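Listing of final30.tsv; format and content: TSV, C-alpha atoms.
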```tsv
chain	number	residue	atom	x	y	z
Y	1	MET	CA	-34.28	50.75	40.56
Y	2	ALA	CA	-37.54	51.56	38.89
Y	3	ARG	CA	-41.07	50.61	39.76
Y	4	VAL	CA	-43.08	49.22	36.89
Y	5	VAL	CA	-46.78	48.49	36.72
Y	6	VAL	CA	-48.17	45.88	34.36
Y	7	ASP	CA	-51.94	45.84	33.94
Y	8	VAL	CA	-53.49	42.70	32.49
Y	9	MET	CA	-57.19	42.83	31.60
Y	10	PRO	CA	-59.52	40.39	29.85
Y	11	LYS	CA	-60.06	41.41	26.24
Y	12	GLN	CA	-63.30	43.27	25.62
Y	13	GLU	CA	-64.78	40.42	23.58
Y	14	ILE	CA	-63.98	37.83	26.27
Y	15	LEU	CA	-66.56	36.93	28.88
Y	16	ASP	CA	-65.40	37.86	32.35
Y	17	PRO	CA	-67.31	35.75	34.89
Y	18	GLN	CA	-65.50	37.25	37.89
Y	19	GLY	CA	-66.35	40.78	36.81
Y	20	GLN	CA	-69.93	39.81	36.06
Y	21	ALA	CA	-70.29	38.24	39.49
Y	22	VAL	CA	-69.15	41.51	41.06
Y	23	ALA	CA	-71.49	43.55	38.85
Y	24	ASN	CA	-74.42	41.32	39.75
Y	25	ALA	CA	-73.68	41.42	43.45
Y	26	LEU	CA	-73.45	45.20	43.79
Y	27	PRO	CA	-77.19	45.99	43.46
Y	28	ARG	CA	-77.99	43.27	45.98
Y	29	LEU	CA	-75.60	44.97	48.40
Y	30	GLY	CA	-77.26	48.34	47.91
Y	31	PHE	CA	-74.91	49.87	45.34
Y	32	GLN	CA	-76.78	51.15	42.28
Y	33	GLY	CA	-75.39	52.68	39.11
Y	34	VAL	CA	-72.51	50.35	38.26
Y	35	SER	CA	-73.29	48.96	34.83
Y	36	GLU	CA	-70.19	46.94	34.08
Y	37	VAL	CA	-67.28	45.48	35.99
Y	38	ARG	CA	-64.23	43.83	34.52
Y	39	GLN	CA	-61.63	42.19	36.69
Y	40	GLY	CA	-58.01	41.82	35.74
Y	41	LYS	CA	-54.60	41.69	37.32
Y	42	ARG	CA	-52.11	44.32	38.35
Y	43	PHE	CA	-48.44	43.50	38.79
Y	44	GLU	CA	-45.93	45.80	40.46
Y	45	LEU	CA	-42.31	45.03	39.61
Y	46	GLU	CA	-39.09	46.40	41.03
Y	47	VAL	CA	-36.63	46.34	38.17
Y	48	GLY	CA	-33.00	47.30	37.82
Y	49	ASP	CA	-32.05	50.32	35.75
Y	50	ASP	CA	-30.51	48.06	33.13
Y	51	VAL	CA	-33.87	46.50	32.24
Y	52	ASP	CA	-35.12	48.21	29.11
Y	53	ASP	CA	-38.67	48.72	27.89
Y	54	ALA	CA	-38.40	45.99	25.27
Y	55	THR	CA	-37.56	43.47	28.00
Y	56	LEU	CA	-40.46	44.65	30.13
Y	57	ASP	CA	-42.83	44.31	27.18
Y	58	LYS	CA	-41.55	40.80	26.59
Y	59	ILE	CA	-42.06	39.85	30.26
Y	60	ALA	CA	-45.62	41.18	30.14
Y	61	GLU	CA	-46.50	39.62	26.81
Y	62	THR	CA	-44.98	36.19	27.21
Y	63	PHE	CA	-45.28	35.60	30.89
Y	64	LEU	CA	-47.73	37.84	32.78
Y	65	ALA	CA	-50.53	37.93	30.23
Y	66	ASN	CA	-52.24	35.25	28.19
Y	67	THR	CA	-52.51	37.21	24.97
Y	68	VAL	CA	-55.20	34.93	23.57
Y	69	ILE	CA	-57.67	36.31	26.09
Y	70	GLU	CA	-55.94	39.25	27.77
Y	71	ASP	CA	-54.62	42.70	26.90
Y	72	TRP	CA	-51.67	44.13	28.77
Y	73	SER	CA	-49.96	47.45	29.29
Y	74	VAL	CA	-46.66	48.38	30.91
Y	75	ARG	CA	-45.76	51.71	32.47
Y	76	ARG	CA	-42.97	52.97	34.68
Y	77	ILE	CA	-44.30	54.91	37.65
Y	78	GLU	CA	-41.01	55.92	39.28
Y	79	SER	CA	-37.33	55.68	38.52
C	80	MET	CA	-71.03	57.35	32.39
C	81	ALA	CA	-67.58	57.34	33.86
C	82	ARG	CA	-64.86	54.74	33.84
C	83	VAL	CA	-63.35	54.01	37.21
C	84	VAL	CA	-60.30	51.94	38.04
C	85	VAL	CA	-59.92	50.27	41.41
C	86	ASP	CA	-56.48	48.85	42.18
C	87	VAL	CA	-56.25	46.29	44.97
C	88	MET	CA	-52.78	45.22	46.09
C	89	PRO	CA	-51.51	43.05	48.93
C	90	LYS	CA	-50.24	45.18	51.79
C	91	GLN	CA	-46.47	45.58	51.89
C	92	GLU	CA	-46.15	43.53	55.09
C	93	ILE	CA	-48.21	40.65	53.69
C	94	LEU	CA	-46.50	37.73	51.98
C	95	ASP	CA	-47.51	37.49	48.35
C	96	PRO	CA	-46.92	33.93	47.15
C	97	GLN	CA	-48.24	34.61	43.63
C	98	GLY	CA	-45.89	37.53	43.19
C	99	GLN	CA	-42.97	35.58	44.63
C	100	ALA	CA	-43.67	32.71	42.24
C	101	VAL	CA	-43.48	35.14	39.33
C	102	ALA	CA	-40.30	36.74	40.67
C	103	ASN	CA	-38.65	33.33	41.12
C	104	ALA	CA	-39.67	32.14	37.67
C	105	LEU	CA	-38.33	35.13	35.73
C	106	PRO	CA	-34.60	34.31	36.05
C	107	ARG	CA	-35.27	30.73	35.02
C	108	LEU	CA	-36.94	32.07	31.89
C	109	GLY	CA	-33.98	34.27	31.09
C	110	PHE	CA	-35.18	37.59	32.49
C	111	GLN	CA	-32.67	39.13	34.88
C	112	GLY	CA	-32.97	42.28	36.93
C	113	VAL	CA	-36.46	41.99	38.41
C	114	SER	CA	-35.99	42.00	42.16
C	115	GLU	CA	-39.56	42.02	43.39
C	116	VAL	CA	-43.00	41.26	42.01
C	117	ARG	CA	-46.29	41.84	43.73
C	118	GLN	CA	-49.55	40.69	42.20
C	119	GLY	CA	-52.87	42.31	42.87
C	120	LYS	CA	-56.16	42.97	41.17
C	121	ARG	CA	-57.39	45.67	38.87
C	122	PHE	CA	-61.09	46.36	38.46
C	123	GLU	CA	-62.56	48.54	35.72
C	124	LEU	CA	-66.07	49.79	36.47
C	125	GLU	CA	-68.55	51.65	34.28
C	126	VAL	CA	-70.51	53.84	36.64
C	127	GLY	CA	-73.35	56.29	36.20
C	128	ASP	CA	-72.74	60.00	36.66
C	129	ASP	CA	-74.82	59.96	39.85
C	130	VAL	CA	-72.36	57.66	41.63
C	131	ASP	CA	-70.19	59.85	43.84
C	132	ASP	CA	-66.66	59.31	45.08
C	133	ALA	CA	-67.78	58.32	48.58
C	134	THR	CA	-69.87	55.50	47.12
C	135	LEU	CA	-66.96	54.33	44.98
C	136	ASP	CA	-64.69	54.31	48.02
C	137	LYS	CA	-67.25	52.28	49.91
C	138	ILE	CA	-67.55	49.75	47.07
C	139	ALA	CA	-63.77	49.38	46.96
C	140	GLU	CA	-63.29	49.18	50.70
C	141	THR	CA	-66.14	46.90	51.65
C	142	PHE	CA	-66.48	44.73	48.62
C	143	LEU	CA	-63.52	44.69	46.22
C	144	ALA	CA	-60.70	44.67	48.76
C	145	ASN	CA	-60.07	42.68	51.90
C	146	THR	CA	-58.69	45.51	53.99
C	147	VAL	CA	-57.08	43.15	56.46
C	148	ILE	CA	-54.51	42.15	53.86
C	149	GLU	CA	-55.02	44.51	50.92
C	150	ASP	CA	-54.67	48.21	50.11
C	151	TRP	CA	-56.93	49.79	47.52
C	152	SER	CA	-57.13	52.95	45.47
C	153	VAL	CA	-59.87	54.40	43.30
C	154	ARG	CA	-59.45	56.77	40.37
C	155	ARG	CA	-61.65	58.01	37.55
C	156	ILE	CA	-59.91	57.73	34.22
C	157	GLU	CA	-62.60	59.21	31.98
C	158	SER	CA	-65.96	60.90	32.46
```

Would it be possible to restate this file's structure as structure tokens?
Amino acid sequence: MARVVVDVMPKQEILDPQGQAVANALPRLGFQGVSEVRQGKRFELEVGDDVDDATLDKIAETFLANTVIEDWSVRRIES
Amino acid sequence: MARVVVDVMPKQEILDPQGQAVANALPRLGFQGVSEVRQGKRFELEVGDDVDDATLDKIAETFLANTVIEDWSVRRIES
């Protein structure tokens, strides 16, 4: 078994209302110095040893991310 | 400026319906071998150099994560 992390983030040119809401709230809560926040998703997968990188990329690209508005990356953190 | 990543994941003992939905859908879509999926959040923050680690921890703990049901981690990826 291997543990795989897939990060899915809104593309840089896409507005990110959730992230902006966080960024706007921080000064009101007393936290200064945070100029930008972007919010995305993180998936942790337990995969069998027979699942290759090409399959993981395909899962991320076709299923976990919406590639019109999101970038994704896959990495194995343990095997 | 530094770039900071905050990962927020459901605690291991917490049910994760979003992750389970993904895990259940994968075999139907033709992807075998993924035994568990957990879905959390990833935040990317641009912070000023005067923001210290204790402040970042406080932002993550009090504001980005719900510590009743979620674990969080903070790391700087660039400075």

List every residue of chain C that has an atom at most 9 Å from any atom of chain Y, and for each one report the closest atom pair and its distance in Å to one decimal, counting all atoms listed in the file, with rows sorted by chain and then by increasing residue number, as CSV.
```
residue,atom,partner,partner_atom,distance
C:Asp86,CA,Y:Arg42,CA,7.4
C:Val87,CA,Y:Arg42,CA,8.1
C:Met88,CA,Y:Arg42,CA,7.8
C:Gly98,CA,Y:Phe43,CA,7.8
C:Val101,CA,Y:Leu64,CA,8.3
C:Ala102,CA,Y:Leu45,CA,8.6
C:Leu105,CA,Y:Ile59,CA,8.1
C:Phe110,CA,Y:Ile59,CA,7.6
C:Gln111,CA,Y:Val51,CA,7.9
C:Gly112,CA,Y:Gly48,CA,5.1
C:Val113,CA,Y:Val47,CA,4.4
C:Ser114,CA,Y:Glu46,CA,5.5
C:Glu115,CA,Y:Glu46,CA,5.0
C:Val116,CA,Y:Leu45,CA,4.5
C:Arg117,CA,Y:Glu44,CA,5.1
C:Gln118,CA,Y:Phe43,CA,4.6
C:Gly119,CA,Y:Arg42,CA,5.0
C:Lys120,CA,Y:Lys41,CA,4.3
C:Arg121,CA,Y:Gly40,CA,5.0
C:Phe122,CA,Y:Gln39,CA,4.6
C:Glu123,CA,Y:Arg38,CA,5.1
C:Leu124,CA,Y:Val37,CA,4.5
C:Glu125,CA,Y:Glu36,CA,5.0
C:Val126,CA,Y:Val34,CA,4.3
C:Gly127,CA,Y:Gly33,CA,5.1
C:Asp128,CA,Y:Gly33,CA,8.2
C:Asp129,CA,Y:Gly33,CA,7.3
C:Val130,CA,Y:Gly33,CA,6.4
C:Thr134,CA,Y:Phe31,CA,7.8
C:Ile138,CA,Y:Phe31,CA,7.6
C:Phe142,CA,Y:Leu26,CA,8.5
C:Leu143,CA,Y:Val22,CA,8.3
```

Filtering to C-alpha atoms, could you give me those residues as an mmCIF file, in the coordinates of the input?
```cif
data_model
loop_
_atom_site.group_PDB
_atom_site.id
_atom_site.type_symbol
_atom_site.label_atom_id
_atom_site.label_comp_id
_atom_site.auth_asym_id
_atom_site.auth_seq_id
_atom_site.Cartn_x
_atom_site.Cartn_y
_atom_site.Cartn_z
ATOM 1 C CA ASP C 86 -56.480 48.850 42.180
ATOM 2 C CA VAL C 87 -56.250 46.290 44.970
ATOM 3 C CA MET C 88 -52.780 45.220 46.090
ATOM 4 C CA GLY C 98 -45.890 37.530 43.190
ATOM 5 C CA VAL C 101 -43.480 35.140 39.330
ATOM 6 C CA ALA C 102 -40.300 36.740 40.670
ATOM 7 C CA LEU C 105 -38.330 35.130 35.730
ATOM 8 C CA PHE C 110 -35.180 37.590 32.490
ATOM 9 C CA GLN C 111 -32.670 39.130 34.880
ATOM 10 C CA GLY C 112 -32.970 42.280 36.930
ATOM 11 C CA VAL C 113 -36.460 41.990 38.410
ATOM 12 C CA SER C 114 -35.990 42.000 42.160
ATOM 13 C CA GLU C 115 -39.560 42.020 43.390
ATOM 14 C CA VAL C 116 -43.000 41.260 42.010
ATOM 15 C CA ARG C 117 -46.290 41.840 43.730
ATOM 16 C CA GLN C 118 -49.550 40.690 42.200
ATOM 17 C CA GLY C 119 -52.870 42.310 42.870
ATOM 18 C CA LYS C 120 -56.160 42.970 41.170
ATOM 19 C CA ARG C 121 -57.390 45.670 38.870
ATOM 20 C CA PHE C 122 -61.090 46.360 38.460
ATOM 21 C CA GLU C 123 -62.560 48.540 35.720
ATOM 22 C CA LEU C 124 -66.070 49.790 36.470
ATOM 23 C CA GLU C 125 -68.550 51.650 34.280
ATOM 24 C CA VAL C 126 -70.510 53.840 36.640
ATOM 25 C CA GLY C 127 -73.350 56.290 36.200
ATOM 26 C CA ASP C 128 -72.740 60.000 36.660
ATOM 27 C CA ASP C 129 -74.820 59.960 39.850
ATOM 28 C CA VAL C 130 -72.360 57.660 41.630
ATOM 29 C CA THR C 134 -69.870 55.500 47.120
ATOM 30 C CA ILE C 138 -67.550 49.750 47.070
ATOM 31 C CA PHE C 142 -66.480 44.730 48.620
ATOM 32 C CA LEU C 143 -63.520 44.690 46.220
#
```

(request) Mind checking which residues fall within 6 Å of Ile148 in chain C, counting all atoms listed in the file, ignoring those fewer than 2 positions away in the same chain, and posting them as number ranges by chain? (result) C: 89-90, 145-146

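What separates CA of Val68 in chain Y from CA of Glu13 in chain Y is a distance of 11.0 Å.
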
(request) Please measure the separation of CA of Ser152 in chain C and CA of Asp132 in chain C, giving the value in Å to one decimal. (result)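 Interatomic distance here is 11.5 Å.
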
Around range 6-22 of chain Y, with edges along x, y and z and 3 Å added on all six sides, what centre and edge lengths do you get, in Å to one decimal, as JSON?
```
{"center_x": -59.2, "center_y": 40.8, "center_z": 32.3, "size_x": 28.1, "size_y": 16.1, "size_z": 23.5}
```

(request) Tell me, in Å to one decimal, how far CA of Thr141 in chain C is from CA of Gln97 in chain C. (result) 23.1 Å

(message) My list of candidates is Y:Gln12, Y:Pro17, Y:Arg28, Y:Val74. Which is closest to Glu61 in chain Y when distances are computed with only C-alpha atoms?
(response) Y:Val74

All heavy atoms restored at range 17-28 of chain Y, emitted as an mmCIF file, in the frame of the given file:
```
data_model
loop_
_atom_site.group_PDB
_atom_site.id
_atom_site.type_symbol
_atom_site.label_atom_id
_atom_site.label_comp_id
_atom_site.auth_asym_id
_atom_site.auth_seq_id
_atom_site.Cartn_x
_atom_site.Cartn_y
_atom_site.Cartn_z
ATOM 1 N N PRO Y 17 -66.371 36.210 33.853
ATOM 2 C CA PRO Y 17 -67.310 35.750 34.890
ATOM 3 C C PRO Y 17 -67.063 36.393 36.248
ATOM 4 O O PRO Y 17 -68.020 36.691 36.972
ATOM 5 C CB PRO Y 17 -67.072 34.238 34.959
ATOM 6 C CG PRO Y 17 -66.315 33.884 33.739
ATOM 7 C CD PRO Y 17 -65.590 35.110 33.277
ATOM 8 N N GLN Y 18 -65.788 36.621 36.605
ATOM 9 C CA GLN Y 18 -65.500 37.250 37.890
ATOM 10 C C GLN Y 18 -66.077 38.661 37.927
ATOM 11 O O GLN Y 18 -66.734 39.052 38.898
ATOM 12 C CB GLN Y 18 -63.984 37.338 38.104
ATOM 13 C CG GLN Y 18 -63.318 36.026 38.426
ATOM 14 C CD GLN Y 18 -61.817 36.216 38.636
ATOM 15 O OE1 GLN Y 18 -61.123 36.702 37.745
ATOM 16 N NE2 GLN Y 18 -61.327 35.836 39.796
ATOM 17 N N GLY Y 19 -65.830 39.415 36.862
ATOM 18 C CA GLY Y 19 -66.350 40.780 36.810
ATOM 19 C C GLY Y 19 -67.863 40.800 36.813
ATOM 20 O O GLY Y 19 -68.488 41.638 37.477
ATOM 21 N N GLN Y 20 -68.474 39.864 36.087
ATOM 22 C CA GLN Y 20 -69.930 39.810 36.060
ATOM 23 C C GLN Y 20 -70.507 39.466 37.424
ATOM 24 O O GLN Y 20 -71.548 40.000 37.824
ATOM 25 C CB GLN Y 20 -70.398 38.784 35.011
ATOM 26 C CG GLN Y 20 -70.192 39.282 33.587
ATOM 27 C CD GLN Y 20 -70.552 38.248 32.533
ATOM 28 O OE1 GLN Y 20 -70.744 37.068 32.849
ATOM 29 N NE2 GLN Y 20 -70.628 38.675 31.292
ATOM 30 N N ALA Y 21 -69.826 38.591 38.148
ATOM 31 C CA ALA Y 21 -70.290 38.240 39.490
ATOM 32 C C ALA Y 21 -70.275 39.472 40.392
ATOM 33 O O ALA Y 21 -71.212 39.708 41.166
ATOM 34 C CB ALA Y 21 -69.414 37.140 40.089
ATOM 35 N N VAL Y 22 -69.216 40.279 40.274
ATOM 36 C CA VAL Y 22 -69.150 41.510 41.060
ATOM 37 C C VAL Y 22 -70.284 42.445 40.654
ATOM 38 O O VAL Y 22 -70.996 42.996 41.509
ATOM 39 C CB VAL Y 22 -67.783 42.202 40.868
ATOM 40 C CG1 VAL Y 22 -67.780 43.576 41.534
ATOM 41 C CG2 VAL Y 22 -66.656 41.348 41.433
ATOM 42 N N ALA Y 23 -70.454 42.624 39.331
ATOM 43 C CA ALA Y 23 -71.490 43.550 38.850
ATOM 44 C C ALA Y 23 -72.874 43.115 39.308
ATOM 45 O O ALA Y 23 -73.710 43.949 39.668
ATOM 46 C CB ALA Y 23 -71.426 43.637 37.319
ATOM 47 N N ASN Y 24 -73.107 41.812 39.321
ATOM 48 C CA ASN Y 24 -74.420 41.320 39.750
ATOM 49 C C ASN Y 24 -74.632 41.436 41.246
ATOM 50 O O ASN Y 24 -75.770 41.572 41.709
ATOM 51 C CB ASN Y 24 -74.594 39.859 39.323
ATOM 52 C CG ASN Y 24 -74.650 39.706 37.817
ATOM 53 O OD1 ASN Y 24 -74.958 40.663 37.090
ATOM 54 N ND2 ASN Y 24 -74.320 38.518 37.338
ATOM 55 N N ALA Y 25 -73.551 41.365 41.992
ATOM 56 C CA ALA Y 25 -73.680 41.420 43.450
ATOM 57 C C ALA Y 25 -73.915 42.833 43.965
ATOM 58 O O ALA Y 25 -74.563 43.023 44.997
ATOM 59 C CB ALA Y 25 -72.429 40.831 44.098
ATOM 60 N N LEU Y 26 -73.390 43.828 43.271
ATOM 61 C CA LEU Y 26 -73.450 45.200 43.790
ATOM 62 C C LEU Y 26 -74.874 45.685 44.071
ATOM 63 O O LEU Y 26 -75.127 46.229 45.158
ATOM 64 C CB LEU Y 26 -72.718 46.157 42.840
ATOM 65 C CG LEU Y 26 -71.189 46.070 42.907
ATOM 66 C CD1 LEU Y 26 -70.546 46.861 41.777
ATOM 67 C CD2 LEU Y 26 -70.674 46.568 44.248
ATOM 68 N N PRO Y 27 -75.830 45.527 43.146
ATOM 69 C CA PRO Y 27 -77.190 45.990 43.460
ATOM 70 C C PRO Y 27 -77.785 45.278 44.673
ATOM 71 O O PRO Y 27 -78.462 45.902 45.493
ATOM 72 C CB PRO Y 27 -77.982 45.658 42.190
ATOM 73 C CG PRO Y 27 -76.963 45.535 41.125
ATOM 74 C CD PRO Y 27 -75.727 45.011 41.790
ATOM 75 N N ARG Y 28 -77.501 44.011 44.821
ATOM 76 C CA ARG Y 28 -77.990 43.270 45.980
ATOM 77 C C ARG Y 28 -77.432 43.835 47.279
ATOM 78 O O ARG Y 28 -78.060 43.744 48.330
ATOM 79 C CB ARG Y 28 -77.609 41.787 45.864
ATOM 80 C CG ARG Y 28 -78.522 40.999 44.947
ATOM 81 C CD ARG Y 28 -78.240 39.502 45.030
ATOM 82 N NE ARG Y 28 -77.199 39.077 44.108
ATOM 83 C CZ ARG Y 28 -76.032 38.547 44.436
ATOM 84 N NH1 ARG Y 28 -75.751 38.359 45.713
ATOM 85 N NH2 ARG Y 28 -75.170 38.179 43.527
#
```
